[in-house]
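What follows is a single structure, written as structure tokens, with notes after it.
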Amino acid sequence: MAMSVVLVLGSGPNVVESRDWPRPPFDRIVAINNAWAVRSDWDDLIHPDDFPADRMPRTLAPQQRIIRSADYVPLQNALGGFVYAGGTMAFTAGYWALAALRPRVIAMMGCDMVYPASKQTHFYGTGTADPLRADVTLRSLEAKSARFMLMAAARGCAVVNLSQDASRLVFPRATPLAAAIARPQPLDRAEVDAALAEERRLGYYVPSGKYWKEEHRFDPAAIDALDRRWLKAAGVLQTAS
């Protein structure tokens with residue numbers, strides 16, 4: 001069943017702002033990892049296979065379900081796979097929602113991936129900053145967010161960031177109410193096609209999703225160049241780091 005507006009909740013400190021948001025205009029709420037604890041009306045909890053069992057909800061409401069790797073790996077592979085999408089759960093949740101729910105809008109909150117050294121990093125305290133680990137797929141979080149935004153736009157889906165804080169995401173900012181009328185990012189088809197063609201040429205596909213087992217195949221310089229293509233396709237004036 002196609003959804004209209006999907007809210008994706010991450011674990012950034014500001015995600016607690018969403019506790020008081022009315023359910024409308026959100027048709028479905030996807031919680032990443034610990035974010036299920038932010039509000040009780042979530043629908044889908046998505047997490048990696050190594051998510052601690054003691055951090056799982058003890059009971060599920062009838063409409064709630066758990067999304068595991070067996071559910072999201074095939075869908076993320078269909079949209080390019082983990083090397084190109086970026087191996088962290090904010091992007092995985094986005095691609096899963098895009099493919100599984102087919103929404104008109106994906107609105108993210110608490111997914112900024114900015115981790116101050118001297119402040120609380122997650123809404124529940126201090127956690128491991130997964131996107132900052134040494135990972136060849138996460139050399140430019142901005143580029144990976146640009147790719148997701150454009151892949152969504154190609155499917156008629158707008159992507160917005162409901163956070164007003166510093167962010168590594170390049171999505172347009174929006175308020176919860178404005179999210180309902182968001183429009184997909186305009187597409188430069190030639191630039192998008194060029195980026196996708198480069199992905200095919202490189203062939204950095206890992207059907208299992210366990211890309212870290214094949215990391216020796218991936219050239220960081222080639223990934224940096226690809227990231228720059230996606231930033232250019234999105235009109236973002238920033239080079240990959």
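Quick note on naming: the chains in the structure tokens go A, B, ... in the order shown, residues restart at 1 in each chain, and ligands are numbered from 1 in order of appearance.
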
Show which residues sit within 8 Å of Leu177 in chain A, as a PDB file with N, CA, C and O atoms, in the first residue's frame. Count only C-alpha atoms, and ignore same-chain residues fewer than 3 positions away.
```pdb
ATOM      1  N   PRO A  25       0.714  15.428   9.606  1.00  0.00           N
ATOM      2  CA  PRO A  25       0.356  14.825   8.318  1.00  0.00           C
ATOM      3  C   PRO A  25       1.035  13.493   8.035  1.00  0.00           C
ATOM      4  O   PRO A  25       1.062  13.066   6.886  1.00  0.00           O
ATOM      5  N   ALA A 180       4.025  18.105   4.200  1.00  0.00           N
ATOM      6  CA  ALA A 180       2.917  17.506   3.458  1.00  0.00           C
ATOM      7  C   ALA A 180       2.808  18.037   2.038  1.00  0.00           C
ATOM      8  O   ALA A 180       2.244  17.374   1.162  1.00  0.00           O
ATOM      9  N   ILE A 181       3.354  19.242   1.795  1.00  0.00           N
ATOM     10  CA  ILE A 181       3.233  19.827   0.450  1.00  0.00           C
ATOM     11  C   ILE A 181       4.595  19.907  -0.248  1.00  0.00           C
ATOM     12  O   ILE A 181       4.734  20.610  -1.250  1.00  0.00           O
TER      13      ILE A 181
END
```

May I have the residues within 12 Å of range 223-231 of chain A as a PyMOL selection string, using only C-alpha atoms and disregarding those fewer than 4 positions away in the same chain?
chain A and resi 83-86+135-151+169-171+187-204+215+217-219+235-241

All residues 9 Å or closer to Asp41 in chain A, only C-alpha atoms, same chain fewer than 5 positions away omitted, as a VMD selection string
chain A and resid 23 29 36 61 64

Could you pull the residues within 12 Å of Ala53 in chain A, counting only C-alpha atoms, minus those fewer than 5 positions along the same chain, as number ranges by chain?
A: 33-34, 47-48, 58

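Our summary of the geometry notes that CA of Pro172 in chain A is positioned 5.1 Å from CA of Val160 in chain A.
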
Find the spatial neighbours of Gly209 in chain A, counting only C-alpha atoms, within a cut-off of 12 Å - ignore same-chain residues fewer than 3 positions away - and output them as a ChimeraX atom specification.
/A:48-49,69-78,80-88,92,204-206,212-215

Would you kindly return, as a count of residues only, each protein, DNA or RNA residue with an atom no farther than 9 Å from any atom of Leu101 in chain A, considering only C-alpha atoms and excluding same-chain residues fewer than 2 positions away?
11

Using only C-alpha atoms, the residue out of A:Met56, A:Ala31, A:Ala152, A:Val114 with shortest distance to Leu9 in chain A is A:Ala31

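Distance check against Ala174 in chain A using only C-alpha atoms: of A:Ala90, A:Val30, A:Val105, A:Leu79, the minimum falls on A:Val105.
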
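When only C-alpha atoms are used to measure the gap to Pro184 in chain A, the shortest distance among A:Pro24, A:Gly110, A:Gly10, A:Gly156 belongs to A:Gly156.
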